[in-house]
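Text of model.txt, listed as compact mmCIF, C-alpha atoms:
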```
# COMPACT_ATOMS: atom_id res chain seq x y z
CA MET B 18 0.00 0.00 0.00
CA ALA B 19 2.82 2.38 0.87
CA GLN B 20 4.25 1.60 -2.54
CA SER B 21 1.17 2.68 -4.38
CA THR B 22 1.19 6.03 -2.64
CA HIS B 23 4.79 7.02 -3.04
CA MET B 24 6.36 4.95 -5.76
CA ARG B 25 4.50 6.48 -8.69
CA SER B 26 6.72 7.55 -11.50
CA ILE B 27 5.57 10.06 -14.02
CA GLN B 28 5.94 9.77 -17.77
CA PHE B 29 5.78 12.87 -19.88
CA GLY B 30 5.52 13.17 -23.64
CA ASP B 31 8.54 14.29 -25.64
CA ASN B 32 7.57 17.91 -25.44
CA ASN B 33 7.57 17.77 -21.70
CA ALA B 34 10.61 15.64 -21.20
CA ASN B 35 12.14 18.37 -19.10
CA CYS B 36 9.25 18.59 -16.69
CA GLY B 37 10.93 16.55 -14.03
CA ASN B 38 14.42 17.85 -14.50
CA THR B 39 14.14 21.31 -13.07
CA VAL B 40 15.71 22.43 -9.87
CA GLY B 41 12.28 22.21 -8.34
CA SER B 42 12.12 18.45 -8.77
CA TYR B 43 8.46 18.74 -9.63
CA ASN B 44 7.77 15.05 -9.81
CA LYS B 45 10.34 13.27 -7.74
CA THR B 46 8.00 10.98 -5.88
CA VAL B 47 10.34 8.14 -4.98
CA TYR B 48 11.65 8.69 -1.50
CA LYS B 49 14.80 7.47 0.13
CA SER B 50 13.17 5.68 3.05
CA ASP B 51 9.86 4.80 4.63
CA GLU B 52 10.30 7.65 7.05
CA ASP B 53 10.73 10.08 4.17
CA ALA B 54 7.53 8.78 2.60
CA GLN B 55 5.82 9.16 5.96
CA ILE B 56 6.99 12.76 6.30
CA MET B 57 5.74 13.54 2.80
CA ARG B 58 2.31 12.11 3.59
CA TRP B 59 2.30 14.11 6.80
CA LEU B 60 3.01 17.30 4.87
CA SER B 61 0.08 16.60 2.57
CA PRO B 62 -1.92 13.61 1.36
CA LEU B 63 -2.41 15.41 -1.96
CA GLU B 64 -0.38 14.53 -5.04
CA SER B 65 -0.65 17.13 -7.75
CA SER B 66 1.70 15.50 -10.23
CA ASN B 67 -0.87 12.89 -11.23
CA ARG B 68 -3.21 15.51 -12.58
CA HIS B 69 -0.35 17.29 -14.30
CA GLN B 70 0.48 14.07 -16.11
CA GLY B 71 -3.07 13.84 -17.50
CA VAL B 72 -3.05 17.43 -18.64
CA CYS B 73 0.35 17.02 -20.32
CA THR B 74 -0.89 14.03 -22.29
CA ASP B 75 -4.13 15.61 -23.47
CA ARG B 76 -2.68 18.97 -24.34
CA PHE B 77 -2.33 20.16 -27.88
CA ASP B 78 0.98 21.82 -28.60
CA GLY B 79 1.17 25.56 -29.09
CA VAL B 80 -2.11 26.34 -27.37
CA GLY B 81 -1.83 29.57 -25.45
CA ASP B 82 1.61 30.54 -26.76
CA TRP B 83 0.25 34.06 -27.24
CA LEU B 84 0.02 34.40 -23.46
CA LEU B 85 3.80 34.07 -23.06
CA GLU B 86 4.23 37.04 -25.41
CA THR B 87 1.92 39.41 -23.57
CA TRP B 88 3.31 42.43 -21.81
CA GLU B 89 1.53 41.35 -18.59
CA PHE B 90 3.16 37.93 -18.61
CA ARG B 91 6.60 39.30 -19.32
CA GLU B 92 6.30 41.87 -16.55
CA TRP B 93 5.24 39.18 -14.12
CA ARG B 94 7.87 36.68 -15.27
CA GLY B 95 10.66 39.24 -15.16
CA SER B 96 10.15 39.77 -11.42
CA ASP B 97 11.71 43.23 -11.45
CA GLY B 98 8.39 44.52 -10.16
CA GLY B 99 8.86 42.73 -6.82
CA ALA B 100 5.76 42.10 -4.74
CA ASP B 101 3.66 44.52 -6.81
CA LYS B 102 3.92 42.32 -9.88
CA ALA B 103 3.96 39.01 -8.06
CA VAL B 104 0.51 37.69 -8.91
CA LEU B 105 -0.93 36.94 -12.35
CA PHE B 106 -4.54 35.79 -12.73
CA CYS B 107 -5.74 34.23 -15.99
CA SER B 108 -9.48 34.55 -15.95
CA GLY B 109 -11.78 32.68 -18.32
CA ASN B 110 -15.07 30.89 -18.57
CA PRO B 111 -15.31 27.10 -18.30
CA GLY B 112 -13.77 25.26 -21.20
CA VAL B 113 -11.70 28.06 -22.73
CA GLY B 114 -8.50 26.17 -22.00
CA LYS B 115 -6.98 27.81 -18.94
CA THR B 116 -5.71 24.52 -17.58
CA TYR B 117 -4.13 23.63 -20.91
CA LEU B 118 -2.12 26.80 -21.34
CA ARG B 119 1.35 25.73 -22.16
CA MET P 11 2.16 26.70 -17.82
CA ILE P 12 4.21 24.64 -15.42
CA ASP P 13 6.05 23.12 -18.40
CA SER P 14 6.70 26.52 -19.98
CA LEU P 15 8.16 27.78 -16.74
CA CYS P 16 10.18 24.59 -16.33
CA ASP P 17 11.50 24.98 -19.88
CA GLN P 18 12.47 28.55 -19.15
CA ALA P 19 13.93 27.52 -15.83
CA ARG P 20 16.71 25.54 -17.44
CA GLY P 21 19.86 27.47 -16.78
CA GLU P 22 18.07 29.67 -14.28
CA ASP P 23 17.87 29.00 -10.60
CA ILE P 24 14.11 28.82 -10.22
CA THR P 25 11.88 26.26 -8.57
CA VAL P 26 8.41 25.62 -9.96
CA SER P 27 5.48 24.08 -8.10
CA GLY P 28 1.87 23.66 -9.08
CA PHE P 29 -1.52 22.65 -7.82
CA TYR P 30 -4.84 21.88 -9.54
CA TYR P 31 -8.07 22.42 -7.66
CA ASP P 32 -10.80 19.90 -8.44
CA PHE P 33 -14.34 20.13 -7.14
CA LEU P 34 -14.43 16.33 -6.87
CA ALA P 35 -11.68 16.50 -4.26
CA GLN P 36 -12.83 19.67 -2.49
CA GLN P 37 -13.06 18.21 0.99
CA GLU P 38 -9.44 17.08 1.20
CA GLN P 39 -8.11 20.11 -0.69
CA THR P 40 -7.87 22.21 2.44
CA THR P 41 -5.53 25.16 2.38
CA THR P 42 -3.10 23.40 4.69
CA ASN P 43 -3.02 20.33 2.43
CA VAL P 44 -2.56 22.49 -0.67
CA MET P 45 0.33 24.39 0.93
CA GLY P 46 1.75 21.01 1.99
CA SER P 47 1.61 19.81 -1.60
CA ILE P 48 3.47 22.94 -2.74
CA LEU P 49 6.03 22.44 0.03
CA LYS P 50 6.60 18.81 -1.01
CA GLN P 51 7.37 19.90 -4.55
CA LEU P 52 9.72 22.63 -3.35
CA VAL P 53 11.80 20.36 -1.14
CA GLY P 54 11.93 17.43 -3.56
CA ARG P 55 13.62 14.30 -2.25
CA ASP P 56 15.99 15.94 0.17
CA ILE P 57 13.80 16.66 3.13
CA PRO P 58 15.36 19.57 5.03
CA LYS P 59 16.36 19.29 8.67
CA HIS P 60 13.78 21.78 9.89
CA ILE P 61 10.96 19.66 8.44
CA ARG P 62 12.35 16.46 9.97
CA GLU P 63 12.53 18.17 13.34
CA ALA P 64 8.96 19.47 13.02
CA PHE P 65 7.83 15.96 12.17
CA GLU P 66 9.63 14.50 15.21
CA ASP P 67 8.03 17.15 17.43
CA TRP P 68 4.64 16.34 15.98
CA LYS P 69 5.13 12.60 16.57
CA ARG P 70 5.87 13.27 20.20
CA GLY P 71 2.69 15.33 20.48
CA ILE P 72 -0.75 14.01 21.23
CA GLY P 73 -1.86 13.13 17.74
CA ARG P 74 -3.30 16.44 16.69
CA GLY P 75 -3.21 17.43 13.05
CA LEU P 76 -0.65 19.70 11.48
CA ARG P 77 -1.76 23.29 12.03
CA HIS P 78 -1.83 25.82 9.20
CA VAL P 79 0.51 28.22 11.00
CA GLU P 80 3.08 25.41 11.34
CA MET P 81 2.75 24.57 7.66
CA MET P 82 3.29 28.21 6.68
CA ALA P 83 6.36 28.43 8.91
CA MET P 84 7.91 25.40 7.17
CA LEU P 85 6.96 26.76 3.75
CA SER P 86 8.49 30.11 4.58
CA ILE P 87 11.83 28.52 5.52
CA ALA P 88 11.78 26.38 2.36
CA ILE P 89 11.09 29.39 0.11
CA ALA P 90 13.78 31.48 1.83
CA SER P 91 16.33 28.76 1.14
CA LEU P 92 15.63 28.84 -2.62
CA HIS P 93 16.71 31.45 -5.14
CA GLN P 94 13.27 32.04 -6.67
CA VAL P 95 9.99 30.15 -6.42
CA PHE P 96 7.04 30.00 -8.86
CA ILE P 97 3.68 28.76 -7.59
CA CYS P 98 0.96 27.90 -10.15
CA ILE P 99 -2.57 27.24 -8.90
CA ASP P 100 -5.23 26.16 -11.38
CA ALA P 101 -9.04 26.40 -11.13
CA LEU P 102 -9.31 28.56 -8.02
CA ASP P 103 -13.09 28.59 -8.48
CA GLU P 104 -13.11 24.88 -7.67
CA CYS P 105 -11.68 25.56 -4.23
CA LEU P 106 -14.39 25.36 -1.53
CA PRO P 107 -15.50 28.94 -0.72
CA LYS P 108 -14.76 28.38 2.96
CA HIS P 109 -11.11 27.51 2.11
CA LEU P 110 -10.51 30.34 -0.35
CA PRO P 111 -9.87 33.28 2.05
CA GLU P 112 -7.21 31.31 3.91
CA LEU P 113 -5.55 30.30 0.66
CA LEU P 114 -5.44 33.88 -0.62
CA LYS P 115 -4.16 35.17 2.73
CA SER P 116 -1.45 32.52 2.67
CA LEU P 117 -0.37 33.54 -0.83
CA ARG P 118 -0.37 37.18 0.24
CA ASP P 119 1.85 36.34 3.21
CA ILE P 120 4.25 34.40 0.99
CA VAL P 121 4.64 37.34 -1.41
CA ARG P 122 5.06 39.83 1.42
CA GLU P 123 7.79 37.77 2.93
CA SER P 124 9.42 36.82 -0.36
CA PRO P 125 8.75 39.53 -3.00
CA THR P 126 10.55 37.62 -5.77
CA THR P 127 8.12 34.70 -5.54
CA ARG P 128 5.79 34.60 -8.58
CA ILE P 129 2.21 33.36 -8.32
CA PHE P 130 0.21 32.21 -11.34
CA LEU P 131 -3.53 31.67 -10.84
CA THR P 132 -6.32 30.56 -13.14
CA GLY P 133 -10.07 30.55 -12.56
CA ARG P 134 -13.43 31.71 -13.77
CA PRO P 135 -13.88 35.48 -13.98
CA HIS P 136 -16.13 35.77 -10.92
CA ILE P 137 -13.29 34.71 -8.61
CA ARG P 138 -11.39 37.90 -9.46
CA GLU P 139 -13.13 39.94 -6.75
CA ASP P 140 -12.19 37.38 -4.12
CA ILE P 141 -8.58 37.47 -5.26
CA GLN P 142 -8.46 41.26 -5.24
CA ARG P 143 -9.78 41.39 -1.70
CA TYR P 144 -6.47 39.85 -0.56
CA LEU P 145 -4.07 40.42 -3.43
CA THR P 146 -4.81 43.99 -4.44
CA LYS P 147 -2.03 44.26 -7.02
CA VAL P 148 -3.04 41.21 -9.07
CA VAL P 149 -2.55 41.50 -12.83
CA VAL P 150 -5.46 40.00 -14.78
CA ILE P 151 -5.29 38.45 -18.25
CA PRO P 152 -8.64 37.39 -19.75
CA ILE P 153 -8.45 34.09 -21.65
CA SER P 154 -10.84 33.38 -24.51
CA PRO P 155 -10.65 30.71 -27.21
CA ASN P 156 -8.20 31.90 -29.80
CA LYS P 157 -9.04 31.34 -33.50
CA ASP P 158 -5.61 29.92 -34.28
CA ASP P 159 -5.84 27.49 -31.38
CA ILE P 160 -9.23 26.27 -32.60
CA ARG P 161 -8.03 25.98 -36.20
CA ASN P 162 -4.93 24.01 -35.17
CA TYR P 163 -7.03 21.70 -33.05
CA LEU P 164 -9.50 21.06 -35.90
CA GLU P 165 -6.68 20.35 -38.34
CA MET P 166 -5.20 17.84 -35.92
CA LYS P 167 -8.55 16.09 -35.44
CA LEU P 168 -9.20 16.01 -39.21
CA ASP P 169 -5.74 14.54 -39.81
CA GLY P 170 -6.61 11.75 -37.41
CA ASP P 171 -9.96 11.00 -39.04
CA ALA P 172 -10.71 7.26 -38.88
CA ASP P 173 -12.48 7.35 -42.25
CA PRO P 174 -10.25 9.38 -44.62
CA GLU P 175 -12.06 8.01 -47.71
CA ALA P 176 -15.12 10.05 -46.84
CA MET P 177 -13.13 13.29 -46.65
CA ASN P 178 -12.12 15.68 -49.42
CA ASP P 179 -10.53 19.12 -49.50
CA ASN P 180 -13.82 20.96 -49.96
CA LEU P 181 -15.52 19.19 -47.10
CA ARG P 182 -12.49 19.72 -44.93
CA ALA P 183 -12.36 23.45 -45.64
CA ALA P 184 -16.11 23.75 -45.04
CA ILE P 185 -15.88 22.03 -41.65
CA VAL P 186 -13.11 24.36 -40.48
CA ARG P 187 -14.89 27.46 -41.82
CA VAL P 188 -18.28 26.68 -40.27
CA ILE P 189 -16.88 25.77 -36.86
CA LEU P 190 -14.72 28.91 -36.75
CA GLU P 191 -17.76 31.02 -37.66
CA LYS P 192 -19.89 29.42 -34.98
CA THR P 193 -17.23 29.77 -32.30
CA SER P 194 -16.69 33.46 -33.09
CA ASP P 195 -20.47 33.95 -32.72
CA MET P 196 -20.13 32.35 -29.30
CA CYS P 197 -17.37 34.78 -28.35
CA VAL P 198 -19.44 37.77 -29.45
CA GLY P 199 -22.38 36.43 -27.47
CA THR P 200 -20.31 36.08 -24.33
CA PHE P 201 -18.89 39.54 -24.80
CA ASN P 202 -22.35 41.09 -25.12
CA ILE P 203 -23.62 39.40 -22.00
CA SER P 204 -20.64 40.41 -19.94
CA THR P 205 -20.82 44.06 -21.00
CA LEU P 206 -24.53 44.47 -20.23
```

For the structure just supplied, provide its representation as structure tokens.
Amino acid sequence: MAQSTHMRSIQFGDNNANCGNTVGSYNKTVYKSDEDAQIMRWLSPLESSNRHQGVCTDRFDGVGDWLLETWEFREWRGSDGGADKAVLFCSGNPGVGKTYLR
Amino acid sequence: MIDSLCDQARGEDITVSGFYYDFLAQQEQTTTNVMGSILKQLVGRDIPKHIREAFEDWKRGIGRGLRHVEMMAMLSIAIASLHQVFICIDALDECLPKHLPELLKSLRDIVRESPTTRIFLTGRPHIREDIQRYLTKVVVIPISPNKDDIRNYLEMKLDGDADPEAMNDNLRAAIVRVILEKTSDMCVGTFNISTL
């Protein structure tokens, strides 16, 4: 049972091959020991990487590229604005593709 | 979005974490659990000493749950130890309304303490007022279906048609044209309603 909760490995498509390789270790879900797995479950029973995997697989490439070019996104991403530019909210009605923005 | 940031993060010292709200999992998606999920992604496999110590303290306690203030203290230490952190949270409108204020306050506290942290949120338009109550400086980008996105998607689906014999160039062009027309009507309709 412990295995099913912390031994999941995540497969990404070619386009997302770098997902797991960032400094942030987004999807490193194999822990060094039982105690480590226990600590991780204590921190939160939620695993967000499973959902991310589904979204990666279903996504159509190039969708939402325009967003990355917007002035608002660049300002936010650049982080020169400090706390004043720290939060970006993409607002849209159901089904417009917010989740699938690449 | 997480992938785009991860792609951009190569060569840069940034750490990306993300969370998807889902109304089917609302009950367990408490703010403390969501922050815990973010924290897990930030620390990766190498659990820091301060978290191990907090866990040991908790084990010696009398079985109470992890309190939100303790979670935020651990998160704060983890963020401070990293160069720059990105937090992406999807479908805020699917967060239970009773959990939302605490989530937004927590994000506000994170940004106040660590002004280089970047927060990316998505949600339905009505959630904007809730966000602005706590995060007054939020930058808003409205998302609507983009004609090129729809066209690309249609072309992909038509390429994968299981019955290519029944398709010809004229039919193909007509399908794309009619659907694009209909979807732009939908956009105009939405626009009119929202500006009333």

Give me the residues within 10 Å of P:Leu131 as a list of chain:residue names, counting only C-alpha atoms and dropping any in the same chain fewer than 2 places off.
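Surrounding residues, per the criterion: B:Val104, B:Leu105, B:Phe106, B:Cys107, B:Ser108, B:Lys115, P:Gly28, P:Phe29, P:Tyr30, P:Ile97, P:Cys98, P:Ile99, P:Asp100, P:Ala101, P:Leu102, P:Ile129, P:Gly133, P:Ile141, P:Val148, P:Val150.
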
Considering only C-alpha atoms, give me a table of residues in chain P that are at most 7 Å from chain B, with the closest atom pair and distance in Å for each, as a tab-separated table.
```
residue	atom	partner	partner_atom	distance
P:Met11	CA	B:Arg119	CA	4.5
P:Asp13	CA	B:Cys36	CA	5.8
P:Ser14	CA	B:Arg119	CA	5.8
P:Cys16	CA	B:Cys36	CA	6.1
P:Asp17	CA	B:Asn35	CA	6.7
P:Ala19	CA	B:Thr39	CA	6.8
P:Arg20	CA	B:Thr39	CA	6.6
P:Asp23	CA	B:Val40	CA	7.0
P:Ile24	CA	B:Val40	CA	6.6
P:Thr25	CA	B:Gly41	CA	4.1
P:Val26	CA	B:Gly41	CA	5.4
P:Ser27	CA	B:Tyr43	CA	6.3
P:Phe29	CA	B:Ser65	CA	5.6
P:Tyr30	CA	B:Ser65	CA	6.6
P:Asn43	CA	B:Ser61	CA	4.9
P:Gly46	CA	B:Ser61	CA	4.8
P:Ser47	CA	B:Ser61	CA	5.5
P:Lys50	CA	B:Met57	CA	6.6
P:Gln51	CA	B:Tyr43	CA	5.3
P:Leu52	CA	B:Gly41	CA	5.6
P:Gly54	CA	B:Ser42	CA	5.3
P:Arg55	CA	B:Tyr48	CA	6.0
P:Phe65	CA	B:Ile56	CA	6.7
P:Asp100	CA	B:Thr116	CA	6.4
P:Val121	CA	B:Ala100	CA	5.9
P:Arg122	CA	B:Ala100	CA	6.6
P:Pro125	CA	B:Ala100	CA	4.3
P:Thr126	CA	B:Gly99	CA	5.5
P:Thr127	CA	B:Ala103	CA	6.5
P:Arg128	CA	B:Ala103	CA	4.8
P:Ile129	CA	B:Val104	CA	4.7
P:Phe130	CA	B:Leu105	CA	5.0
P:Leu131	CA	B:Phe106	CA	4.6
P:Thr132	CA	B:Cys107	CA	4.7
P:Gly133	CA	B:Ser108	CA	5.3
P:Arg134	CA	B:Gly109	CA	4.9
P:Pro135	CA	B:Ser108	CA	4.9
P:Lys147	CA	B:Asp101	CA	5.7
P:Val148	CA	B:Val104	CA	5.0
P:Val149	CA	B:Leu105	CA	4.9
P:Val150	CA	B:Phe106	CA	4.8
P:Ile151	CA	B:Cys107	CA	4.8
P:Pro152	CA	B:Ser108	CA	4.8
P:Ile153	CA	B:Gly109	CA	4.9
P:Ser154	CA	B:Val113	CA	5.7
P:Pro155	CA	B:Val113	CA	5.3
P:Asp159	CA	B:Val80	CA	5.6
```

Identify, on the basis of only C-alpha atoms, every residue whose closest approach to P:Leu85 does not exceed 10 Å; exclude the query and any residue fewer than 4 positions from it along the same chain; express the result as a PyMOL selection string.
chain P and resi 45-46+48-50+52-53+61+79-81+89-91+120

Take atom CA of P:Leu164 and atom CA of P:Ala184 and report the distance between them in Å, one decimal.
11.6 Å

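Between atom CA of P:Ile137 and atom CA of P:Phe96 the interatomic distance comes to 20.9 Å.
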
Considering only C-alpha atoms, return as a ChimeraX atom specification whatever protein or nucleic-acid residues lie within 10 Å of P:Leu113, sequence-local ones (same chain, fewer than 3 positions apart) excluded.
/P:40-42,44-45,102,105,108-110,116-119,141,144

Within 10 Å of P:Asp140, counting all atoms listed in the file, which residues qualify if same-chain residues fewer than 3 places away don't, as a PyMOL selection string?
chain P and resi 103+107+110-111+114+136-137+143-146

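Computed from the coordinates, the atom CA of P:Glu112 to atom CA of P:Tyr31 distance equals 14.6 Å.
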